[in-house]
$ cat final_11.tsv   # TSV, C-alpha atoms (C1' of nucleotides)
chain	number	residue	atom	x	y	z
P	1	MET	CA	0.00	0.00	0.00
P	2	LEU	CA	1.54	3.25	-1.15
P	3	ILE	CA	0.68	6.25	0.98
P	4	GLU	CA	2.11	9.70	0.55
P	5	ILE	CA	1.68	12.53	3.02
P	6	ASP	CA	2.19	16.11	1.95
P	7	PRO	CA	3.49	18.01	4.99
P	8	THR	CA	3.17	21.34	3.17
P	9	SER	CA	-0.56	20.90	2.66
P	10	THR	CA	-3.01	22.76	4.87
P	11	GLN	CA	-5.10	19.62	4.99
P	12	PRO	CA	-4.62	17.87	8.34
P	13	ILE	CA	-2.39	14.79	8.29
P	14	PHE	CA	-5.06	12.51	9.73
P	15	GLU	CA	-7.41	13.53	6.93
P	16	GLN	CA	-4.76	12.82	4.35
P	17	VAL	CA	-4.27	9.37	5.83
P	18	VAL	CA	-8.01	8.74	5.77
P	19	ASP	CA	-8.26	9.75	2.11
P	20	GLN	CA	-5.22	7.77	1.04
P	21	ILE	CA	-6.50	4.60	2.64
P	22	LYS	CA	-9.87	5.11	0.99
P	23	PHE	CA	-8.09	5.48	-2.32
P	24	ALA	CA	-6.09	2.31	-1.71
P	25	VAL	CA	-9.27	0.40	-0.98
P	26	ALA	CA	-11.02	1.90	-3.98
P	27	ALA	CA	-8.10	0.92	-6.22
P	28	GLY	CA	-8.23	-2.64	-4.93
P	29	ALA	CA	-4.82	-2.41	-3.29
P	30	ILE	CA	-6.54	-3.64	-0.13
P	31	ARG	CA	-9.53	-5.94	-0.39
P	32	ALA	CA	-12.38	-6.79	1.93
P	33	ASN	CA	-11.48	-8.92	4.94
P	34	GLU	CA	-7.83	-8.01	4.54
P	35	MET	CA	-6.00	-6.19	7.29
P	36	ILE	CA	-4.47	-2.75	7.02
P	37	PRO	CA	-1.12	-1.95	8.65
P	38	SER	CA	-1.27	-1.57	12.41
P	39	VAL	CA	-1.28	1.85	14.02
P	40	ARG	CA	2.31	1.50	15.11
P	41	GLU	CA	3.55	0.09	11.82
P	42	MET	CA	1.88	2.78	9.77
P	43	SER	CA	3.28	5.28	12.23
P	44	ARG	CA	6.78	4.01	11.51
P	45	GLN	CA	6.28	3.91	7.74
P	46	LEU	CA	5.07	7.48	7.52
P	47	ALA	CA	7.18	8.82	10.39
P	48	ILE	CA	4.05	10.19	11.97
P	49	ASN	CA	2.89	10.04	15.56
P	50	PRO	CA	0.84	6.92	16.39
P	51	ASN	CA	-1.92	9.07	17.85
P	52	THR	CA	-2.40	10.79	14.52
P	53	ILE	CA	-2.72	7.44	12.76
P	54	ALA	CA	-5.06	6.18	15.44
P	55	ARG	CA	-7.27	9.18	14.87
P	56	ALA	CA	-7.39	8.46	11.15
P	57	TYR	CA	-8.31	4.84	11.82
P	58	ARG	CA	-11.03	5.94	14.20
P	59	VAL	CA	-12.58	7.99	11.41
P	60	LEU	CA	-12.51	5.00	9.07
P	61	GLN	CA	-14.08	2.89	11.76
P	62	ASP	CA	-16.80	5.44	12.43
P	63	GLU	CA	-17.64	5.40	8.73
P	64	GLY	CA	-17.98	1.65	8.83
P	65	LEU	CA	-15.23	1.05	6.30
P	66	VAL	CA	-13.15	-1.01	8.69
P	67	TYR	CA	-13.76	-2.88	11.91
P	68	THR	CA	-11.37	-3.71	14.66
P	69	ARG	CA	-10.24	-6.93	16.24
P	70	ARG	CA	-8.40	-6.41	19.46
P	71	GLY	CA	-5.04	-8.08	19.48
P	72	MET	CA	-5.31	-8.74	15.77
P	73	GLY	CA	-5.56	-5.50	13.83
P	74	ILE	CA	-8.01	-3.66	11.66
P	75	VAL	CA	-9.95	-5.37	8.92
P	76	VAL	CA	-11.52	-3.89	5.80
P	77	ALA	CA	-15.29	-4.26	5.75
P	78	GLU	CA	-17.24	-6.11	3.10
P	79	GLN	CA	-18.88	-3.16	1.35
P	80	ALA	CA	-15.81	-0.92	1.70
P	81	GLU	CA	-14.53	-1.13	-1.85
P	82	GLU	CA	-17.74	0.03	-3.46
P	83	ILE	CA	-18.21	2.81	-0.93
P	84	CYS	CA	-14.63	4.01	-1.36
P	85	GLN	CA	-14.88	4.01	-5.12
P	86	ASN	CA	-17.93	6.22	-4.97
P	87	GLN	CA	-16.35	8.50	-2.39
P	88	ARG	CA	-13.19	8.80	-4.43
P	89	LYS	CA	-15.09	9.99	-7.44
P	90	ALA	CA	-17.12	12.37	-5.31
P	91	ILE	CA	-14.01	13.76	-3.63
P	92	PHE	CA	-12.31	14.63	-6.90
P	93	THR	CA	-15.45	15.92	-8.53
P	94	GLU	CA	-15.84	18.28	-5.60
P	95	LYS	CA	-12.17	19.28	-5.75
P	96	PHE	CA	-12.44	20.10	-9.43
P	97	ARG	CA	-15.65	22.04	-8.96
P	98	ARG	CA	-13.97	24.16	-6.32
P	99	PHE	CA	-11.05	24.76	-8.62
P	100	ARG	CA	-13.36	25.87	-11.40
P	101	ALA	CA	-15.43	28.08	-9.16
P	102	GLN	CA	-12.43	29.78	-7.61
P	103	ALA	CA	-10.75	30.28	-10.95
P	104	ALA	CA	-13.86	31.87	-12.38
P	105	GLN	CA	-14.32	34.06	-9.32
P	106	SER	CA	-10.73	35.21	-9.56
P	107	GLY	CA	-11.46	36.87	-12.87
P	108	LEU	CA	-9.66	34.38	-15.04
P	109	SER	CA	-11.39	34.10	-18.41
P	110	GLN	CA	-12.88	30.88	-19.63
P	111	ALA	CA	-10.14	30.71	-22.24
P	112	GLU	CA	-7.39	31.12	-19.66
P	113	ILE	CA	-8.86	28.41	-17.47
P	114	ASP	CA	-9.17	26.06	-20.41
P	115	GLU	CA	-5.58	26.78	-21.29
P	116	ILE	CA	-4.37	25.84	-17.83
P	117	ILE	CA	-6.31	22.60	-18.00
P	118	LYS	CA	-5.14	21.82	-21.49
P	119	ASN	CA	-1.48	22.51	-20.73
P	120	ASN	CA	-1.47	20.33	-17.66
P	121	GLY	CA	-2.63	16.92	-18.62
P	122	TYR	CA	-6.11	16.98	-20.06
P	123	MET	CA	-6.58	14.53	-22.90
P	124	ASN	CA	-3.18	14.72	-24.49
P	125	THR	CA	-0.20	12.49	-24.01
D	1	MET	CA	-14.45	44.72	-4.62
D	2	LEU	CA	-16.08	41.34	-4.16
D	3	ILE	CA	-14.42	39.07	-1.65
D	4	GLU	CA	-15.74	35.72	-0.56
D	5	ILE	CA	-14.37	33.72	2.33
D	6	ASP	CA	-15.00	30.01	2.57
D	7	PRO	CA	-15.12	29.13	6.27
D	8	THR	CA	-15.23	25.40	5.48
D	9	SER	CA	-11.90	25.50	3.68
D	10	THR	CA	-8.77	24.28	5.38
D	11	GLN	CA	-6.94	27.25	3.92
D	12	PRO	CA	-6.42	29.91	6.61
D	13	ILE	CA	-8.70	32.93	6.40
D	14	PHE	CA	-5.84	35.41	6.18
D	15	GLU	CA	-4.47	33.49	3.20
D	16	GLN	CA	-7.85	33.53	1.52
D	17	VAL	CA	-8.01	37.28	2.00
D	18	VAL	CA	-4.54	37.69	0.52
D	19	ASP	CA	-5.43	35.63	-2.53
D	20	GLN	CA	-8.76	37.34	-3.09
D	21	ILE	CA	-7.19	40.79	-3.02
D	22	LYS	CA	-4.53	39.64	-5.44
D	23	PHE	CA	-7.29	38.39	-7.71
D	24	ALA	CA	-9.14	41.68	-7.46
D	25	VAL	CA	-6.01	43.56	-8.42
D	26	ALA	CA	-5.27	41.13	-11.25
D	27	ALA	CA	-8.80	41.53	-12.57
D	28	GLY	CA	-8.47	45.31	-12.53
D	29	ALA	CA	-11.12	45.75	-9.86
D	30	ILE	CA	-8.54	47.78	-7.97
D	31	ARG	CA	-5.93	49.74	-9.87
D	32	ALA	CA	-2.52	51.10	-8.98
D	33	ASN	CA	-2.52	54.08	-6.60
D	34	GLU	CA	-6.03	53.27	-5.50
D	35	MET	CA	-6.76	52.43	-1.89
D	36	ILE	CA	-8.08	49.14	-0.60
D	37	PRO	CA	-10.67	49.06	2.19
D	38	SER	CA	-9.27	49.81	5.63
D	39	VAL	CA	-8.57	47.03	8.10
D	40	ARG	CA	-11.62	47.91	10.14
D	41	GLU	CA	-13.93	48.31	7.16
D	42	MET	CA	-12.87	45.05	5.59
D	43	SER	CA	-13.27	43.46	8.99
D	44	ARG	CA	-16.86	44.64	9.12
D	45	GLN	CA	-17.65	43.60	5.56
D	46	LEU	CA	-16.39	40.05	5.99
D	47	ALA	CA	-17.36	39.71	9.66
D	48	ILE	CA	-13.80	38.73	10.44
D	49	ASN	CA	-11.55	39.87	13.24
D	50	PRO	CA	-9.50	43.00	12.42
D	51	ASN	CA	-6.31	41.23	13.45
D	52	THR	CA	-6.85	38.59	10.80
D	53	ILE	CA	-7.31	41.25	8.14
D	54	ALA	CA	-4.29	43.13	9.41
D	55	ARG	CA	-2.22	39.99	9.08
D	56	ALA	CA	-3.35	39.56	5.47
D	57	TYR	CA	-2.47	43.18	4.71
D	58	ARG	CA	0.93	42.69	6.28
D	59	VAL	CA	1.58	39.83	3.87
D	60	LEU	CA	0.60	41.98	0.90
D	61	GLN	CA	2.84	44.73	2.18
D	62	ASP	CA	5.78	42.36	2.64
D	63	GLU	CA	5.34	41.25	-0.95
D	64	GLY	CA	5.50	44.86	-2.09
D	65	LEU	CA	2.03	44.81	-3.64
D	66	VAL	CA	0.74	47.59	-1.43
D	67	TYR	CA	2.26	50.30	0.70
D	68	THR	CA	0.86	52.05	3.69
D	69	ARG	CA	0.15	55.65	4.48
D	70	ARG	CA	-0.47	56.25	8.12
D	71	GLY	CA	-3.72	57.96	8.78
D	72	MET	CA	-4.77	57.42	5.17
D	73	GLY	CA	-4.96	53.76	4.34
D	74	ILE	CA	-3.26	51.23	2.13
D	75	VAL	CA	-2.45	51.96	-1.49
D	76	VAL	CA	-1.91	49.54	-4.37
D	77	ALA	CA	1.62	49.70	-5.75
D	78	GLU	CA	2.51	50.58	-9.33
D	79	GLN	CA	3.63	47.17	-10.56
D	80	ALA	CA	0.97	45.28	-8.57
D	81	GLU	CA	-1.41	44.48	-11.42
D	82	GLU	CA	1.14	42.71	-13.55
D	83	ILE	CA	2.56	40.80	-10.59
D	84	CYS	CA	-0.89	39.73	-9.44
D	85	GLN	CA	-1.88	38.56	-12.89
D	86	ASN	CA	1.17	36.34	-13.07
D	87	GLN	CA	0.63	35.06	-9.55
D	88	ARG	CA	-3.02	34.33	-10.24
D	89	LYS	CA	-2.14	32.18	-13.19
D	90	ALA	CA	0.60	30.45	-11.22
D	91	ILE	CA	-1.73	29.82	-8.28
D	92	PHE	CA	-4.36	28.09	-10.38
D	93	THR	CA	-1.83	26.19	-12.46
D	94	GLU	CA	-0.41	24.83	-9.24
D	95	LYS	CA	-3.88	24.02	-7.90
D	96	PHE	CA	-4.77	22.11	-11.04
D	97	ARG	CA	-1.48	20.23	-11.03
D	98	ARG	CA	-2.12	19.13	-7.48
D	99	PHE	CA	-5.58	18.00	-8.44
D	100	ARG	CA	-4.22	15.98	-11.32
D	101	ALA	CA	-1.42	14.44	-9.30
D	102	GLN	CA	-3.70	13.47	-6.44
D	103	ALA	CA	-6.32	12.05	-8.77
D	104	ALA	CA	-3.74	9.94	-10.53
D	105	GLN	CA	-2.21	8.81	-7.28
D	106	SER	CA	-5.65	7.79	-6.00
D	107	GLY	CA	-5.88	5.18	-8.72
D	108	LEU	CA	-8.44	6.97	-10.85
D	109	SER	CA	-7.91	6.11	-14.48
D	110	GLN	CA	-7.07	8.73	-17.06
D	111	ALA	CA	-10.50	8.23	-18.58
D	112	GLU	CA	-12.26	8.75	-15.26
D	113	ILE	CA	-10.31	11.94	-14.59
D	114	ASP	CA	-11.08	13.26	-18.04
D	115	GLU	CA	-14.73	12.45	-17.45
D	116	ILE	CA	-14.82	14.48	-14.24
D	117	ILE	CA	-13.22	17.42	-16.02
D	118	LYS	CA	-15.50	17.14	-19.00
D	119	ASN	CA	-18.67	16.88	-16.94
D	120	ASN	CA	-17.83	19.92	-14.85
D	121	GLY	CA	-17.24	22.81	-17.12
D	122	TYR	CA	-14.45	22.13	-19.52
D	123	MET	CA	-15.03	23.53	-22.97
D	124	ASN	CA	-18.74	23.17	-23.30
D	125	THR	CA	-21.63	25.60	-23.04
O	1	DC	C1'	1.80	-19.31	32.09
O	2	DT	C1'	4.81	-15.31	29.65
O	3	DT	C1'	5.85	-12.63	25.75
O	4	DG	C1'	4.57	-9.73	22.23
O	5	DC	C1'	1.74	-7.84	19.33
O	6	DT	C1'	-2.92	-5.59	18.64
O	7	DG	C1'	-6.24	-1.24	19.48
O	8	DT	C1'	-7.55	2.11	22.96
O	9	DT	C1'	-7.29	5.75	26.32
O	10	DC	C1'	-5.25	9.33	28.99
O	11	DT	C1'	-2.50	13.43	30.21
O	12	DA	C1'	0.62	16.82	28.83
O	13	DG	C1'	2.87	20.16	25.88
O	14	DG	C1'	3.69	22.76	21.69
O	15	DT	C1'	2.27	25.29	17.62
O	16	DA	C1'	-0.76	27.84	14.39
O	17	DG	C1'	-4.90	30.15	13.42
O	18	DA	C1'	-8.47	33.13	14.97
O	19	DT	C1'	-10.76	36.07	18.24
O	20	DA	C1'	-11.10	39.82	21.69
O	21	DA	C1'	-9.97	44.06	23.85
O	22	DT	C1'	-6.87	47.60	24.37
O	23	DA	C1'	-3.53	51.02	23.42
O	24	DC	C1'	-0.47	53.84	20.60
O	25	DA	C1'	1.28	56.84	16.60
O	26	DG	C1'	0.29	59.57	12.61
O	27	DG	C1'	-2.34	62.12	9.13
O	28	DA	C1'	-6.92	64.55	7.62
O	29	DA	C1'	-10.37	67.66	8.42
O	30	DA	C1'	-13.42	70.31	11.31
U	1	DT	C1'	-6.54	72.97	18.53
U	2	DT	C1'	-9.91	68.73	18.68
U	3	DT	C1'	-12.03	64.93	16.47
U	4	DC	C1'	-11.95	61.00	13.68
U	5	DC	C1'	-10.12	57.92	10.98
U	6	DT	C1'	-5.91	55.47	9.55
U	7	DG	C1'	-2.26	51.40	10.51
U	8	DT	C1'	0.25	49.10	14.14
U	9	DA	C1'	1.32	46.63	18.39
U	10	DT	C1'	0.38	44.07	22.53
U	11	DT	C1'	-1.67	40.75	25.56
U	12	DA	C1'	-4.79	37.19	26.55
U	13	DT	C1'	-7.85	33.47	25.37
U	14	DC	C1'	-9.70	29.75	22.63
U	15	DT	C1'	-9.56	26.00	19.43
U	16	DA	C1'	-7.62	22.44	16.26
U	17	DC	C1'	-3.85	19.78	15.03
U	18	DC	C1'	0.12	17.32	16.19
U	19	DT	C1'	3.43	15.26	19.15
U	20	DA	C1'	5.05	12.68	23.27
U	21	DG	C1'	4.87	9.26	26.68
U	22	DA	C1'	2.60	6.17	29.43
U	23	DA	C1'	-0.87	2.88	30.63
U	24	DC	C1'	-4.53	-0.49	29.85
U	25	DA	C1'	-7.36	-4.45	27.68
U	26	DG	C1'	-7.50	-8.27	24.54
U	27	DC	C1'	-5.78	-11.95	21.58
U	28	DA	C1'	-2.08	-15.10	19.65
U	29	DA	C1'	1.85	-17.84	19.97
U	30	DG	C1'	5.83	-19.40	22.36
$ encode --input "final_11.tsv" --output "structure tokens"
Amino acid sequence: MLIEIDPTSTQPIFEQVVDQIKFAVAAGAIRANEMIPSVREMSRQLAINPNTIARAYRVLQDEGLVYTRRGMGIVVAEQAEEICQNQRKAIFTEKFRRFRAQAAQSGLSQAEIDEIIKNNGYMNT
Amino acid sequence: MLIEIDPTSTQPIFEQVVDQIKFAVAAGAIRANEMIPSVREMSRQLAINPNTIARAYRVLQDEGLVYTRRGMGIVVAEQAEEICQNQRKAIFTEKFRRFRAQAAQSGLSQAEIDEIIKNNGYMNT
DNA sequence: CTTGCTGTTCTAGGTAGATAATACAGGAAA
DNA sequence: TTTCCTGTATTATCTACCTAGAACAGCAAG
């Protein structure tokens, strides 16, 4: 499972962890009934405080995406993959909408916005 | 000058204020040698603490986009419009690049990303 | 049993952002 | 002059996020 944390982002670390795990589940990198890395192991991998990881896991648990087995670890729930796939799409749709709205509100013309999109990866090579 | 603050954003308020003023200058809503609303007036308009506005203005001043006249107010610098236009473009290019990178890293396929962009305002209507 | 790993909980401290209230210095205008 | 508005500075308080360290409960495997 590849997880990358951006320390320069204003988005809280625990939220980044939550999103990244959702993405990993959505992508099929972790399947239902499989275990995700323990709090302490993930803490070591990302060089982040265990409490921060634990908070992220608590969020996932509250959303019903994972359930816990004391002494064992945390297991991905049955319906998690489908839920995460939908959430992933929703997350990025929302992100893009915000980008568009802000760009328009900033006074950038439609043409300028399209140019930014075109020059940075939309539908070519 | 139209300024909108998004309280749900993780971006700090003072940063939002900074960006919005830059956008207003870039769009020509405020021109060189014109004054921007006073700390207290802007504070009233946005219902935000004067200290937060003052901090935003301090950033603008440190960047040389505005200069202050005690007792008078804050004035937009000569070269501000050009600088702000370049920064505006850079800001949104960077935002879009982040969006693209995160979307790709999440496991979304190129086709799915293109679909999100297409269905939310790119090059139609 | 003991050992070692789980997740969980707790207290404490540090930092950044935002708010609140106050005070000061300087220019404009009466 | 006085009055009123500027920007600026200070102090205190609150919250969220993050870190740190310790302790506890439960399960597995030796």
$ residues_around --input "final_11.tsv" --residues "Glu78 (chain D)" --least-positions-apart "4" --cutoff "10 Å" --atoms "all atoms listed in the file" --output "list in words"
Arg31, Ala32, Asn33, Glu34, Gly64, Leu65, Val66, Glu82 and Ile83 of chain D
$ closest_residue --input "final_11.tsv" --among "P:Asn51, P:Lys95, P:Arg100, P:Pro7" --to "Ile113 (chain P)" --atoms "all atoms listed in the file"
P:Arg100
$ residues_around --input "final_11.tsv" --residues "Glu94 (chain P)" --least-positions-apart "4" --cutoff "12 Å" --atoms "only C-alpha atoms (C1' of nucleotides)" --output "count of residues only"
14
$ axis_aligned_box --input "final_11.tsv" --around "region 81-84 of chain P" --padding-each-side "8 Å" --output "JSON"
{"center_x": -16.4, "center_y": 1.4, "center_z": -2.2, "size_x": 19.7, "size_y": 21.1, "size_z": 18.5}
$ atom_distance --input "final_11.tsv" --atom1 "CA of Met72 (chain D)" --atom2 "C1' of DC4 (chain U)"
11.7 Å
$ closest_residue --input "final_11.tsv" --among "P:Ile21, P:Val75, P:Ala47, P:Ile5" --to "chain O" --atoms "all atoms listed in the file"
P:Val75
$ residues_near_point --input "final_11.tsv" --point "(-0.4, -17.3, 19.2)" --cutoff "10 Å" --atoms "all atoms listed in the file" --output "JSON, numbers by chain"
{"O": [4, 5], "U": [27, 28, 29, 30]}
$ atom_distance --input "final_11.tsv" --atom1 "CA of Phe23 (chain D)" --atom2 "CA of Ile3 (chain D)"
9.4 Å
$ closest_atom_pairs --input "final_11.tsv" --of "chain D" --to "chain U" --cutoff "8 Å" --atoms "all atoms listed in the file" --output "tab-separated table"
residue	atom	partner	partner_atom	distance
D:Ser38	CA	U:DT6	C1'	7.7
D:Thr68	CA	U:DG7	C1'	7.5
D:Arg69	CA	U:DG7	C1'	7.8
D:Arg70	CA	U:DT6	C1'	5.7
D:Gly71	CA	U:DT6	C1'	3.4
D:Met72	CA	U:DT6	C1'	4.9
D:Gly73	CA	U:DT6	C1'	5.6
$ interface_residues --input "final_11.tsv" --of "chain D" --to "chain P" --cutoff "6 Å" --atoms "only C-alpha atoms" --output "PyMOL selection string"
chain D and resi 10+23+27+93+106-107+116
$ closest_residue --input "final_11.tsv" --among "P:Ile36, P:Ala54, P:Val17, P:Ile48" --to "chain O" --atoms "all atoms listed in the file"
P:Ala54
$ atom_distance --input "final_11.tsv" --atom1 "CA of Val39 (chain D)" --atom2 "CA of Gln79 (chain D)"
22.3 Å
$ closest_residue --input "final_11.tsv" --among "D:Thr8, D:Thr52, D:Asn86, D:Gln61" --to "chain O" --atoms "all atoms listed in the file"
D:Thr52
$ interface_residues --input "final_11.tsv" --of "chain O" --to "chain D" --cutoff "9 Å" --atoms "all atoms listed in the file" --output "NGL selection string"
:O and (17-20 or 25-28)
